[in-house]
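Dumped target26.txt below, it's compact mmCIF, C-alpha atoms (C1' of nucleotides):
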```
# COMPACT_ATOMS: atom_id res chain seq x y z
CA MET A 13 -38.74 162.94 -31.92
CA LYS A 14 -39.79 160.85 -34.84
CA VAL A 15 -38.66 161.87 -38.34
CA SER A 16 -40.01 161.07 -41.77
CA ARG A 17 -39.27 157.78 -43.49
CA GLU A 18 -37.10 159.51 -45.99
CA GLN A 19 -35.37 161.58 -43.32
CA MET A 20 -34.53 158.35 -41.53
CA ALA A 21 -33.09 156.85 -44.71
CA GLU A 22 -30.99 159.94 -45.16
CA ASN A 23 -29.82 159.76 -41.55
CA ARG A 24 -28.77 156.18 -42.10
CA ARG A 25 -26.85 157.13 -45.22
CA ARG A 26 -25.15 159.93 -43.38
CA ILE A 27 -24.18 157.62 -40.53
CA LEU A 28 -22.58 155.22 -42.99
CA ASP A 29 -20.77 157.98 -44.87
CA VAL A 30 -19.46 159.55 -41.71
CA ALA A 31 -18.50 156.20 -40.21
CA SER A 32 -16.64 155.32 -43.36
CA ARG A 33 -14.54 158.46 -43.14
CA LEU A 34 -13.90 158.12 -39.42
CA PHE A 35 -12.94 154.46 -39.67
CA ARG A 36 -10.54 155.13 -42.52
CA ASP A 37 -9.04 158.03 -40.64
CA LYS A 38 -8.69 156.60 -37.15
CA GLY A 39 -9.31 152.86 -37.38
CA PHE A 40 -12.25 150.80 -36.14
CA ASP A 41 -11.21 150.66 -32.50
CA ALA A 42 -10.43 154.33 -32.08
CA VAL A 43 -13.88 155.45 -33.22
CA SER A 44 -16.73 155.21 -30.73
CA VAL A 45 -20.37 154.75 -31.57
CA ALA A 46 -21.12 158.10 -29.95
CA GLU A 47 -18.48 159.81 -32.09
CA VAL A 48 -20.01 158.45 -35.27
CA MET A 49 -23.49 159.55 -34.25
CA ASN A 50 -22.35 163.01 -33.23
CA ALA A 51 -20.49 163.44 -36.51
CA ALA A 52 -23.72 162.51 -38.26
CA GLY A 53 -25.55 165.20 -36.31
CA LEU A 54 -27.38 162.80 -33.98
CA THR A 55 -26.90 161.48 -30.46
CA HIS A 56 -25.79 158.02 -29.47
CA GLY A 57 -29.26 156.89 -28.39
CA GLY A 58 -30.70 156.26 -31.80
CA PHE A 59 -27.84 154.10 -32.91
CA TYR A 60 -29.41 150.76 -32.08
CA GLY A 61 -32.45 151.66 -34.11
CA HIS A 62 -30.26 151.53 -37.20
CA PHE A 63 -27.72 148.87 -36.34
CA SER A 64 -27.68 145.89 -34.03
CA SER A 65 -24.15 146.50 -32.77
CA LYS A 66 -20.92 148.29 -33.57
CA ASP A 67 -19.78 145.18 -35.43
CA ASP A 68 -22.90 145.44 -37.53
CA LEU A 69 -22.08 149.07 -38.29
CA ILE A 70 -18.58 148.06 -39.34
CA ALA A 71 -19.83 145.36 -41.69
CA GLN A 72 -22.50 147.60 -43.24
CA THR A 73 -20.07 150.49 -43.57
CA LEU A 74 -17.66 148.28 -45.46
CA ALA A 75 -20.35 147.04 -47.81
CA HIS A 76 -21.48 150.63 -48.32
CA VAL A 77 -18.08 152.11 -49.06
CA LEU A 78 -16.79 149.21 -51.13
CA ALA A 79 -19.89 149.28 -53.31
CA ALA A 80 -19.46 153.00 -53.87
CA ASP A 81 -15.75 152.70 -54.50
CA SER A 82 -15.04 152.48 -58.19
CA GLY A 83 -11.74 153.48 -59.77
CA GLY A 84 -9.44 151.53 -62.03
CA GLY A 85 -12.18 151.10 -64.59
CA GLY A 86 -11.09 153.76 -67.06
CA ASP A 87 -7.54 154.92 -67.63
CA LEU A 88 -5.39 152.63 -65.52
CA ARG A 89 -2.28 154.76 -65.79
CA ALA A 90 -4.09 157.80 -64.42
CA TYR A 91 -5.65 155.73 -61.65
CA VAL A 92 -2.28 154.36 -60.54
CA ASP A 93 -0.77 157.84 -60.59
CA ALA A 94 -3.54 159.24 -58.40
CA TYR A 95 -3.44 156.23 -56.09
CA LEU A 96 0.31 156.51 -55.54
CA SER A 97 0.26 160.26 -55.03
CA PRO A 98 1.21 162.13 -51.84
CA ARG A 99 -2.29 163.56 -51.97
CA HIS A 100 -3.87 160.15 -51.59
CA ARG A 101 -1.34 159.10 -48.96
CA ASP A 102 -2.23 162.19 -46.92
CA ASN A 103 -5.98 161.76 -47.31
CA ALA A 104 -6.75 158.49 -45.56
CA ALA A 105 -10.21 159.65 -44.48
CA GLY A 106 -11.33 160.16 -48.05
CA GLY A 107 -9.03 157.62 -49.66
CA CYS A 108 -9.18 153.99 -50.68
CA PRO A 109 -10.89 151.88 -48.02
CA THR A 110 -8.72 148.90 -48.86
CA ALA A 111 -5.53 150.79 -48.15
CA GLY A 112 -7.03 152.19 -44.97
CA LEU A 113 -8.82 149.17 -43.57
CA ALA A 114 -7.71 145.90 -45.16
CA ALA A 115 -5.13 145.16 -42.49
CA ALA A 116 -7.70 145.60 -39.73
CA ILE A 117 -10.18 143.21 -41.31
CA ARG A 118 -8.39 140.24 -39.79
CA HIS A 119 -9.74 141.25 -36.40
CA GLN A 120 -13.33 141.81 -37.49
CA THR A 121 -16.41 139.65 -37.79
CA PRO A 122 -17.08 137.23 -40.67
CA ALA A 123 -19.61 139.64 -42.17
CA ALA A 124 -16.96 142.34 -42.38
CA ARG A 125 -14.43 139.93 -43.88
CA SER A 126 -16.96 138.85 -46.43
CA ALA A 127 -17.69 142.42 -47.50
CA MET A 128 -13.99 143.11 -47.91
CA THR A 129 -13.46 139.93 -49.91
CA GLU A 130 -16.14 140.90 -52.40
CA GLY A 131 -14.71 144.38 -52.69
CA LEU A 132 -11.27 142.98 -53.45
CA ARG A 133 -12.59 140.47 -55.93
CA SER A 134 -14.33 143.14 -57.98
CA GLN A 135 -11.42 145.56 -57.71
CA ILE A 136 -9.04 142.95 -59.11
CA ASP A 137 -11.49 142.24 -61.91
CA ARG A 138 -11.79 145.94 -62.67
CA ILE A 139 -8.05 146.37 -62.95
CA GLY A 140 -7.82 143.30 -65.13
CA LYS A 141 -10.39 144.72 -67.51
CA ALA A 142 -8.34 147.89 -67.78
CA LEU A 143 -5.47 145.83 -69.24
CA PRO A 144 -7.02 144.56 -72.46
CA GLU A 145 -3.69 144.56 -74.29
CA LEU A 146 -2.45 141.60 -72.24
CA ASP A 147 -3.44 137.98 -72.76
CA PRO A 148 -5.62 136.54 -69.97
CA ALA A 149 -2.95 134.89 -67.81
CA ASP A 150 -0.67 137.93 -67.86
CA ARG A 151 -3.67 140.14 -67.26
CA ARG A 152 -4.64 138.47 -64.01
CA ARG A 153 -1.06 138.40 -62.81
CA ALA A 154 -0.61 142.08 -63.60
CA ALA A 155 -3.92 143.02 -61.97
CA ILE A 156 -3.16 141.19 -58.72
CA GLY A 157 0.50 142.14 -58.61
CA SER A 158 -0.16 145.80 -59.30
CA TRP A 159 -3.00 145.99 -56.82
CA ALA A 160 -0.90 144.37 -54.09
CA ALA A 161 1.93 146.80 -54.80
CA MET A 162 -0.40 149.80 -54.80
CA VAL A 163 -2.05 148.90 -51.51
CA GLY A 164 1.28 147.94 -49.94
CA ALA A 165 2.98 151.13 -51.08
CA VAL A 166 0.29 153.41 -49.67
CA ILE A 167 0.33 151.54 -46.36
CA LEU A 168 4.11 151.78 -46.15
CA ALA A 169 4.18 155.41 -47.25
CA ARG A 170 1.68 156.24 -44.52
CA ALA A 171 3.72 154.41 -41.92
CA ILE A 172 7.01 156.11 -42.76
CA ASP A 173 8.02 159.10 -40.69
CA ASP A 174 10.33 160.63 -43.26
CA ALA A 175 8.86 162.65 -46.10
CA ALA A 176 11.61 161.91 -48.60
CA LEU A 177 11.55 158.16 -48.11
CA SER A 178 7.77 158.11 -48.09
CA ASP A 179 7.61 160.01 -51.38
CA GLN A 180 10.22 157.68 -52.79
CA VAL A 181 8.21 154.59 -51.89
CA LEU A 182 5.25 155.98 -53.82
CA GLU A 183 7.30 157.13 -56.79
CA GLN A 184 9.40 153.99 -57.17
CA THR A 185 6.40 151.74 -56.81
CA ARG A 186 4.69 153.70 -59.57
CA ALA A 187 7.74 153.23 -61.80
CA TRP A 188 7.93 149.54 -60.93
CA ILE A 189 4.29 148.94 -61.84
CA ASP A 190 4.71 150.94 -64.99
CA ALA A 191 7.71 148.92 -66.04
CA GLY A 192 5.99 145.66 -65.13
CA ILE A 193 2.94 146.35 -67.23
CA SER A 194 4.83 147.74 -70.22
CA GLN A 195 7.38 144.98 -70.31
CA VAL A 196 4.85 142.19 -70.07
CA SER A 197 2.90 143.69 -72.92
CA ALA A 198 6.07 144.08 -74.94
CA GLY A 199 7.24 140.53 -74.21
CA MET B 15 9.92 139.72 -4.48
CA LYS B 16 13.05 141.09 -6.03
CA VAL B 17 14.85 139.02 -8.68
CA SER B 18 18.42 139.01 -9.88
CA ARG B 19 19.67 141.58 -12.33
CA GLU B 20 19.99 138.97 -15.01
CA GLN B 21 16.58 137.52 -14.22
CA MET B 22 15.14 140.98 -14.67
CA ALA B 23 16.84 141.38 -18.02
CA GLU B 24 15.43 138.05 -19.09
CA ASN B 25 11.98 139.05 -17.91
CA ARG B 26 12.22 142.18 -19.95
CA ARG B 27 13.25 140.24 -23.02
CA ARG B 28 10.38 137.81 -22.50
CA ILE B 29 7.93 140.69 -22.19
CA LEU B 30 9.12 142.14 -25.47
CA ASP B 31 9.05 138.78 -27.24
CA VAL B 32 5.58 137.95 -25.99
CA ALA B 33 4.28 141.44 -26.73
CA SER B 34 5.66 141.21 -30.22
CA ARG B 35 3.75 138.01 -30.88
CA LEU B 36 0.53 139.24 -29.29
CA PHE B 37 0.62 142.57 -31.14
CA ARG B 38 1.21 140.87 -34.48
CA ASP B 39 -1.55 138.40 -33.77
CA LYS B 40 -4.27 140.66 -32.38
CA GLY B 41 -3.21 144.25 -33.01
CA PHE B 42 -2.04 146.90 -30.57
CA ASP B 43 -5.47 147.87 -29.29
CA ALA B 44 -6.77 144.39 -28.68
CA VAL B 45 -3.88 143.43 -26.39
CA SER B 46 -3.95 144.70 -22.81
CA VAL B 47 -0.96 145.34 -20.62
CA ALA B 48 -2.19 142.67 -18.24
CA GLU B 49 -2.45 140.15 -21.06
CA VAL B 50 1.14 140.78 -22.09
CA MET B 51 2.40 140.42 -18.53
CA ASN B 52 0.42 137.24 -17.91
CA ALA B 53 1.72 135.75 -21.14
CA ALA B 54 5.22 136.56 -19.91
CA GLY B 55 4.51 134.72 -16.65
CA LEU B 56 4.19 137.86 -14.51
CA THR B 57 1.40 140.03 -13.17
CA HIS B 58 0.41 143.47 -14.35
CA GLY B 59 1.91 145.26 -11.38
CA GLY B 60 5.52 145.09 -12.42
CA PHE B 61 4.85 146.50 -15.85
CA TYR B 62 5.67 150.11 -15.03
CA GLY B 63 9.00 149.10 -13.65
CA HIS B 64 10.01 148.12 -17.15
CA PHE B 65 8.11 150.59 -19.31
CA SER B 66 6.74 154.05 -18.76
CA SER B 67 3.47 153.38 -20.58
CA LYS B 68 1.78 151.07 -23.04
CA ASP B 69 2.90 153.39 -25.83
CA ASP B 70 6.45 152.98 -24.61
CA LEU B 71 6.02 149.20 -24.72
CA ILE B 72 4.76 149.45 -28.29
CA ALA B 73 7.70 151.57 -29.41
CA GLN B 74 10.26 149.35 -27.70
CA THR B 75 8.62 146.21 -28.98
CA LEU B 76 8.85 147.53 -32.52
CA ALA B 77 12.50 148.42 -32.14
CA HIS B 78 13.13 144.98 -30.64
CA VAL B 79 11.37 142.95 -33.30
CA LEU B 80 12.52 145.04 -36.25
CA ALA B 81 16.13 144.78 -35.14
CA ALA B 82 15.82 141.01 -34.82
CA ASP B 83 14.00 140.68 -38.12
CA SER B 84 16.42 139.93 -40.90
CA GLY B 85 15.46 138.10 -44.07
CA GLY B 86 16.03 139.08 -47.67
CA GLY B 87 19.75 139.20 -47.19
CA GLY B 88 20.65 135.89 -48.77
CA ASP B 89 18.70 134.15 -51.53
CA LEU B 90 16.04 136.64 -52.51
CA ARG B 91 14.01 134.15 -54.51
CA ALA B 92 13.69 131.83 -51.53
CA TYR B 93 12.82 134.71 -49.26
CA VAL B 94 10.04 135.90 -51.54
CA ASP B 95 8.68 132.36 -51.84
CA ALA B 96 8.53 131.93 -48.08
CA TYR B 97 7.08 135.39 -47.57
CA LEU B 98 4.28 134.82 -50.07
CA SER B 99 3.44 131.35 -48.75
CA PRO B 100 0.16 130.28 -47.14
CA ARG B 101 2.27 129.30 -44.16
CA HIS B 102 3.40 132.88 -43.60
CA ARG B 103 -0.08 134.24 -44.27
CA ASP B 104 -1.49 131.92 -41.60
CA ASN B 105 1.21 132.72 -39.06
CA ALA B 106 0.76 136.38 -38.30
CA ALA B 107 1.92 135.99 -34.69
CA GLY B 108 5.31 134.69 -35.79
CA GLY B 109 5.46 136.42 -39.15
CA CYS B 110 6.79 139.66 -40.58
CA PRO B 111 6.09 142.59 -38.25
CA THR B 112 5.76 144.95 -41.19
CA ALA B 113 2.97 142.93 -42.74
CA GLY B 114 1.29 142.61 -39.38
CA LEU B 115 1.72 146.09 -37.96
CA ALA B 116 2.67 148.67 -40.59
CA ALA B 117 -0.91 149.74 -41.21
CA ALA B 118 -1.48 150.35 -37.50
CA ILE B 119 1.60 152.55 -37.15
CA ARG B 120 -0.32 155.58 -38.41
CA HIS B 121 -2.20 155.65 -35.11
CA GLN B 122 0.82 155.27 -32.86
CA THR B 123 3.27 157.65 -31.22
CA PRO B 124 6.21 159.31 -33.02
CA ALA B 125 8.62 156.90 -31.32
CA ALA B 126 6.78 153.94 -32.80
CA ARG B 127 6.65 155.55 -36.23
CA SER B 128 10.35 156.23 -36.05
CA ALA B 129 11.17 152.63 -35.20
CA MET B 130 9.07 151.39 -38.10
CA THR B 131 10.67 153.87 -40.49
CA GLU B 132 14.15 152.63 -39.62
CA GLY B 133 13.03 149.03 -40.02
CA LEU B 134 11.63 149.75 -43.46
CA ARG B 135 14.69 151.67 -44.55
CA SER B 136 17.01 148.81 -43.72
CA GLN B 137 14.68 146.19 -45.17
CA ILE B 138 14.61 148.04 -48.51
CA ASP B 139 18.39 148.30 -48.42
CA ARG B 140 18.69 144.59 -47.69
CA ILE B 141 16.50 143.64 -50.62
CA GLY B 142 18.41 146.01 -52.88
CA LYS B 143 21.69 144.34 -51.91
CA ALA B 144 20.22 140.97 -52.83
CA LEU B 145 19.81 142.22 -56.40
CA PRO B 146 23.44 142.80 -57.40
CA GLU B 147 22.77 141.93 -61.04
CA LEU B 148 20.78 145.14 -61.57
CA ASP B 149 22.24 148.56 -62.03
CA PRO B 150 21.64 150.93 -59.11
CA ALA B 151 18.52 152.75 -60.34
CA ASP B 152 16.73 149.54 -61.32
CA ARG B 153 17.88 147.96 -58.08
CA ARG B 154 16.20 150.54 -55.88
CA ARG B 155 13.03 150.46 -57.93
CA ALA B 156 12.90 146.68 -57.81
CA ALA B 157 13.58 146.61 -54.07
CA ILE B 158 10.84 149.09 -53.22
CA GLY B 159 8.33 147.75 -55.72
CA SER B 160 8.84 144.15 -54.67
CA TRP B 161 8.67 144.96 -51.00
CA ALA B 162 5.46 146.96 -51.42
CA ALA B 163 3.93 144.11 -53.40
CA MET B 164 5.01 141.52 -50.82
CA VAL B 165 3.62 143.44 -47.87
CA GLY B 166 0.45 144.33 -49.74
CA ALA B 167 -0.14 140.79 -50.91
CA VAL B 168 0.16 139.30 -47.42
CA ILE B 169 -2.17 141.96 -46.00
CA LEU B 170 -4.73 141.31 -48.72
CA ALA B 171 -4.38 137.54 -48.48
CA ARG B 172 -5.02 137.74 -44.74
CA ALA B 173 -8.07 139.93 -45.27
CA ILE B 174 -9.70 137.67 -47.85
CA ASP B 175 -12.28 135.19 -46.63
CA ASP B 176 -11.95 132.77 -49.52
CA ALA B 177 -9.11 130.31 -49.52
CA ALA B 178 -8.81 130.01 -53.29
CA LEU B 179 -8.69 133.74 -53.94
CA SER B 180 -6.32 134.27 -51.01
CA ASP B 181 -3.94 131.62 -52.34
CA GLN B 182 -4.19 133.16 -55.77
CA VAL B 183 -3.23 136.61 -54.50
CA LEU B 184 -0.06 135.15 -52.99
CA GLU B 185 0.79 133.03 -55.99
CA GLN B 186 0.16 135.67 -58.65
CA THR B 187 2.06 138.29 -56.70
CA ARG B 188 4.99 135.90 -56.51
CA ALA B 189 4.87 135.40 -60.27
CA TRP B 190 4.52 139.15 -60.86
CA ILE B 191 7.58 139.93 -58.76
CA ASP B 192 9.50 137.14 -60.41
CA ALA B 193 8.68 138.45 -63.85
CA GLY B 194 9.47 142.02 -62.84
CA ILE B 195 12.93 141.18 -61.54
CA SER B 196 13.86 138.82 -64.38
CA GLN B 197 12.70 141.15 -67.12
CA VAL B 198 14.44 144.17 -65.74
CA SER B 199 17.66 142.23 -65.50
CA ALA B 200 17.20 140.88 -69.02
CA GLY B 201 16.32 144.31 -70.44
C1' DC C 17 -58.24 165.76 -35.75
C1' DG C 18 -56.74 162.52 -32.49
C1' DC C 19 -54.16 157.78 -31.85
C1' DT C 20 -50.54 155.07 -32.16
C1' DA C 21 -46.20 153.59 -33.32
C1' DA C 22 -41.70 154.77 -34.48
C1' DA C 23 -37.30 157.52 -34.39
C1' DT C 24 -34.37 159.89 -31.64
C1' DA C 25 -32.84 162.04 -27.09
C1' DT C 26 -31.51 161.59 -22.36
C1' DG C 27 -29.90 159.13 -18.92
C1' DA C 28 -28.29 154.78 -16.66
C1' DT C 29 -25.43 150.41 -16.27
C1' DA C 30 -21.72 147.41 -16.40
C1' DC C 31 -17.38 146.24 -18.01
C1' DC C 32 -12.68 146.75 -19.43
C1' DC C 33 -8.33 148.79 -19.10
C1' DA C 34 -4.31 151.94 -18.28
C1' DT C 35 -2.18 153.63 -14.53
C1' DC C 36 -1.08 154.32 -9.64
C1' DA C 37 -0.41 153.01 -4.43
C1' DT C 38 1.22 150.12 -1.36
C1' DG C 39 3.00 145.79 0.46
C1' DT C 40 6.65 142.13 0.46
C1' DA C 41 10.49 139.58 -0.10
C1' DA C 42 14.81 138.74 -1.94
C1' DA C 43 19.24 140.45 -4.02
C1' DT C 44 23.11 143.36 -3.52
C1' DG C 45 26.86 145.83 -1.24
C1' DT C 46 29.29 146.73 2.78
C1' DA D 11 25.08 139.21 8.66
C1' DC D 12 22.45 143.50 7.93
C1' DA D 13 20.55 147.38 5.87
C1' DT D 14 18.77 148.99 1.94
C1' DT D 15 17.25 149.00 -2.31
C1' DT D 16 14.43 147.08 -5.81
C1' DA D 17 11.52 143.96 -8.66
C1' DC D 18 7.38 142.23 -8.54
C1' DA D 19 2.55 141.18 -6.47
C1' DT D 20 -1.86 142.70 -4.86
C1' DG D 21 -5.20 145.76 -4.82
C1' DA D 22 -7.33 150.40 -5.85
C1' DT D 23 -8.96 154.25 -9.01
C1' DG D 24 -10.67 156.75 -12.75
C1' DG D 25 -12.01 157.24 -17.33
C1' DG D 26 -13.95 155.52 -21.45
C1' DT D 27 -17.33 152.91 -24.08
C1' DA D 28 -20.81 149.49 -25.77
C1' DT D 29 -25.25 148.61 -24.75
C1' DC D 30 -29.75 149.08 -22.53
C1' DA D 31 -34.04 151.70 -20.38
C1' DT D 32 -36.98 155.14 -20.53
C1' DA D 33 -38.85 159.58 -22.09
C1' DT D 34 -40.33 162.61 -25.81
C1' DT D 35 -41.90 164.14 -29.94
C1' DT D 36 -43.89 163.74 -34.28
C1' DA D 37 -45.02 161.15 -38.68
C1' DG D 38 -48.44 158.26 -40.52
C1' DC D 39 -52.92 156.63 -40.55
C1' DG D 40 -57.74 156.20 -39.76
```
Please rewrite the model in this file as structure tokens.
Amino acid sequence: MKVSREQMAENRRRILDVASRLFRDKGFDAVSVAEVMNAAGLTHGGFYGHFSSKDDLIAQTLAHVLAADSGGGGDLRAYVDAYLSPRHRDNAAGGCPTAGLAAAIRHQTPAARSAMTEGLRSQIDRIGKALPELDPADRRRAAIGSWAAMVGAVILARAIDDAALSDQVLEQTRAWIDAGISQVSAG
Amino acid sequence: MKVSREQMAENRRRILDVASRLFRDKGFDAVSVAEVMNAAGLTHGGFYGHFSSKDDLIAQTLAHVLAADSGGGGDLRAYVDAYLSPRHRDNAAGGCPTAGLAAAIRHQTPAARSAMTEGLRSQIDRIGKALPELDPADRRRAAIGSWAAMVGAVILARAIDDAALSDQVLEQTRAWIDAGISQVSAG
DNA sequence: CGCTAAATATGATACCCATCATGTAAATGT
DNA sequence: ACATTTACATGATGGGTATCATATTTAGCG
């Protein structure tokens, strides 16, 4: 059952999109190749026509989703608010791939690690550029510190089994970042 | 081959210690029951005499390691420095269980989530108590914000496949936290 | 319009792992 | 000392999953 060139390209895109959501939602290990293919509307047989292995799928999915992932470029305040919202915490499947997958990268192949590294590098740069009021040294510090706090807070908020404390982690981290950025720029 | 009561208790402790290291090093999924038992000097057969399932082992291991884990109680500055050191980044097996396992808790049982929640609650309290110079509202904000940044920075530093950038994430996060705490207390 | 190659489907295969069944020997209590 | 219980070892069992083999259908091309 051959399909058109362009149909195949679309299938591939759908596999990557669906894999990206499933991986963020359930983790790399808990998602099977067959599950990804079924979610993409295909069967498991065609998988190895698109990818050489599950590890290959993981690496290509990361490159795909991290390239698509923007955010932090425009209004930083709004971006931080959305990032540290209960809505984002509760939407891992559609949320930031760094918050969802960074911790699992340690156990993946070099290609996957490399994709994540590039994604982080450009994300830090993007946040830095959204802080033009700071001088360069403060800017980099604020970009890295804020990003670490944002990712850490979402990971912790998702781990916590107590709605009030989880909300508080998000809210207080938002206030902490806010204070950090304002005070540096005032200093 | 029965062993003494106290030998059994020691075996159990060794299983939990070894499991804690293996889980932090390789993740819950990548460690088999047999691997844990072998590392503890036993065979896989006796496992279900100690634990009702692998999920039970995970929950009890978390309770065990999070109870043992202190840190942040004394000199906060020194604790942050050690936490955000390359040495800690490179020692996941012996390092902070939150940095190593918090992101994986989402996919675990309620018992495991509960253990992690209690560990986080007391860790935040501990950090707050190490900031007596701040007034209560600032104290809580600083404790949560710093802890989120610390955990996030170690996770990111471990994910990054570039020594210079990884070191920089640790170092800049340390400076960011330092500035945040000092400036709040000066304000 | 027919040929061929390619994309996917269907159907193995082989391995790993959590869990259970049963055997065995030593500790504990009387 | 002896009986009994119990902690652990050895050895299944069953289910899941990555990967491979083969069949099928149709796009792409002459």
Quick one: everything within 12 Å of DA21 (chain C), counting only C-alpha atoms (C1' of nucleotides), minus sequence neighbours fewer than 5 positions away in the same chain. Send it as JSON, numbers by chain. {"A": [14], "D": [35, 36, 37, 38, 39]}
Can you work out which one of A:Phe59, A:Phe35, A:Tyr95, A:Phe40 has the shortest atom-to-atom distance to chain D, counting only C-alpha atoms (C1' of nucleotides)? A:Phe59
Considering only C-alpha atoms (C1' of nucleotides), extract the chain A residues located within 9 Å of chain C and return them as a PyMOL selection string. chain A and resi 13-16+20+54-59+61
Taking a cut-off of 8 Å and counting only C-alpha atoms (C1' of nucleotides), can you build a table that, for each residue of chain D near chain B, reports the nearest atom pair and how far apart they are in Å (one decimal), sorted by chain then residue number, as a Markdown table?
```
| residue | atom | partner | partner_atom | distance |
| --- | --- | --- | --- | --- |
| D:DT16 | C1' | B:Lys16 | CA | 6.2 |
| D:DA17 | C1' | B:Lys16 | CA | 4.2 |
| D:DC18 | C1' | B:Gly60 | CA | 5.2 |
| D:DA19 | C1' | B:Gly59 | CA | 6.4 |
| D:DT20 | C1' | B:Gly59 | CA | 8.0 |
```
At a cut-off of 7 Å, can you tabulate as JSON lines every residue of chain B near chain A together with its closest atom pair and the distance in Å to one decimal, using all atoms listed in the file and ordering rows by chain then number?
```
{"residue": "B:Lys40", "atom": "CA", "partner": "A:His119", "partner_atom": "CA", "distance": 6.8}
{"residue": "B:Ala116", "atom": "CA", "partner": "A:Ala171", "partner_atom": "CA", "distance": 6.0}
{"residue": "B:Ala117", "atom": "CA", "partner": "A:Ile167", "partner_atom": "CA", "distance": 5.6}
{"residue": "B:Ile119", "atom": "CA", "partner": "A:Ala171", "partner_atom": "CA", "distance": 5.5}
{"residue": "B:Arg120", "atom": "CA", "partner": "A:Ala171", "partner_atom": "CA", "distance": 5.5}
{"residue": "B:His121", "atom": "CA", "partner": "A:Lys38", "partner_atom": "CA", "distance": 6.9}
{"residue": "B:Arg127", "atom": "CA", "partner": "A:Asp173", "partner_atom": "CA", "distance": 5.9}
{"residue": "B:Ser128", "atom": "CA", "partner": "A:Asp173", "partner_atom": "CA", "distance": 5.9}
{"residue": "B:Met130", "atom": "CA", "partner": "A:Ile172", "partner_atom": "CA", "distance": 6.9}
{"residue": "B:Thr131", "atom": "CA", "partner": "A:Ile172", "partner_atom": "CA", "distance": 4.9}
{"residue": "B:Arg155", "atom": "CA", "partner": "A:Gln184", "partner_atom": "CA", "distance": 5.1}
{"residue": "B:Ala156", "atom": "CA", "partner": "A:Trp188", "partner_atom": "CA", "distance": 6.5}
{"residue": "B:Ile158", "atom": "CA", "partner": "A:Val181", "partner_atom": "CA", "distance": 6.2}
{"residue": "B:Gly159", "atom": "CA", "partner": "A:Thr185", "partner_atom": "CA", "distance": 4.6}
{"residue": "B:Ala162", "atom": "CA", "partner": "A:Gly164", "partner_atom": "CA", "distance": 4.5}
{"residue": "B:Ala163", "atom": "CA", "partner": "A:Ala161", "partner_atom": "CA", "distance": 3.6}
{"residue": "B:Val165", "atom": "CA", "partner": "A:Gly164", "partner_atom": "CA", "distance": 5.5}
{"residue": "B:Gly166", "atom": "CA", "partner": "A:Gly164", "partner_atom": "CA", "distance": 3.7}
{"residue": "B:Ala167", "atom": "CA", "partner": "A:Ala160", "partner_atom": "CA", "distance": 4.8}
{"residue": "B:Ile169", "atom": "CA", "partner": "A:Ala115", "partner_atom": "CA", "distance": 5.6}
{"residue": "B:Leu170", "atom": "CA", "partner": "A:Ala114", "partner_atom": "CA", "distance": 6.5}
{"residue": "B:Arg172", "atom": "CA", "partner": "A:Arg118", "partner_atom": "CA", "distance": 6.5}
{"residue": "B:Ala173", "atom": "CA", "partner": "A:Arg118", "partner_atom": "CA", "distance": 5.5}
{"residue": "B:Ile174", "atom": "CA", "partner": "A:Thr129", "partner_atom": "CA", "distance": 4.8}
{"residue": "B:Asp175", "atom": "CA", "partner": "A:Thr129", "partner_atom": "CA", "distance": 5.9}
{"residue": "B:Val183", "atom": "CA", "partner": "A:Ile156", "partner_atom": "CA", "distance": 6.2}
{"residue": "B:Gln186", "atom": "CA", "partner": "A:Arg153", "partner_atom": "CA", "distance": 5.1}
{"residue": "B:Thr187", "atom": "CA", "partner": "A:Gly157", "partner_atom": "CA", "distance": 4.6}
{"residue": "B:Trp190", "atom": "CA", "partner": "A:Gly157", "partner_atom": "CA", "distance": 5.5}
{"residue": "B:Gly194", "atom": "CA", "partner": "A:Gly192", "partner_atom": "CA", "distance": 5.5}
```
May I have the selected residues written with C-alpha atoms, as a short mmCIF file (atom, residue, chain, number, x, y, z; two decimals), in the frame of the given file?
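Listed below is the output, result_26.cif:
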```
data_model
loop_
_atom_site.label_atom_id
_atom_site.label_comp_id
_atom_site.auth_asym_id
_atom_site.auth_seq_id
_atom_site.Cartn_x
_atom_site.Cartn_y
_atom_site.Cartn_z
CA LYS B 40 -4.27 140.66 -32.38
CA ALA B 116 2.67 148.67 -40.59
CA ALA B 117 -0.91 149.74 -41.21
CA ILE B 119 1.60 152.55 -37.15
CA ARG B 120 -0.32 155.58 -38.41
CA HIS B 121 -2.20 155.65 -35.11
CA ARG B 127 6.65 155.55 -36.23
CA SER B 128 10.35 156.23 -36.05
CA MET B 130 9.07 151.39 -38.10
CA THR B 131 10.67 153.87 -40.49
CA ARG B 155 13.03 150.46 -57.93
CA ALA B 156 12.90 146.68 -57.81
CA ILE B 158 10.84 149.09 -53.22
CA GLY B 159 8.33 147.75 -55.72
CA ALA B 162 5.46 146.96 -51.42
CA ALA B 163 3.93 144.11 -53.40
CA VAL B 165 3.62 143.44 -47.87
CA GLY B 166 0.45 144.33 -49.74
CA ALA B 167 -0.14 140.79 -50.91
CA ILE B 169 -2.17 141.96 -46.00
CA LEU B 170 -4.73 141.31 -48.72
CA ARG B 172 -5.02 137.74 -44.74
CA ALA B 173 -8.07 139.93 -45.27
CA ILE B 174 -9.70 137.67 -47.85
CA ASP B 175 -12.28 135.19 -46.63
CA VAL B 183 -3.23 136.61 -54.50
CA GLN B 186 0.16 135.67 -58.65
CA THR B 187 2.06 138.29 -56.70
CA TRP B 190 4.52 139.15 -60.86
CA GLY B 194 9.47 142.02 -62.84
#
```
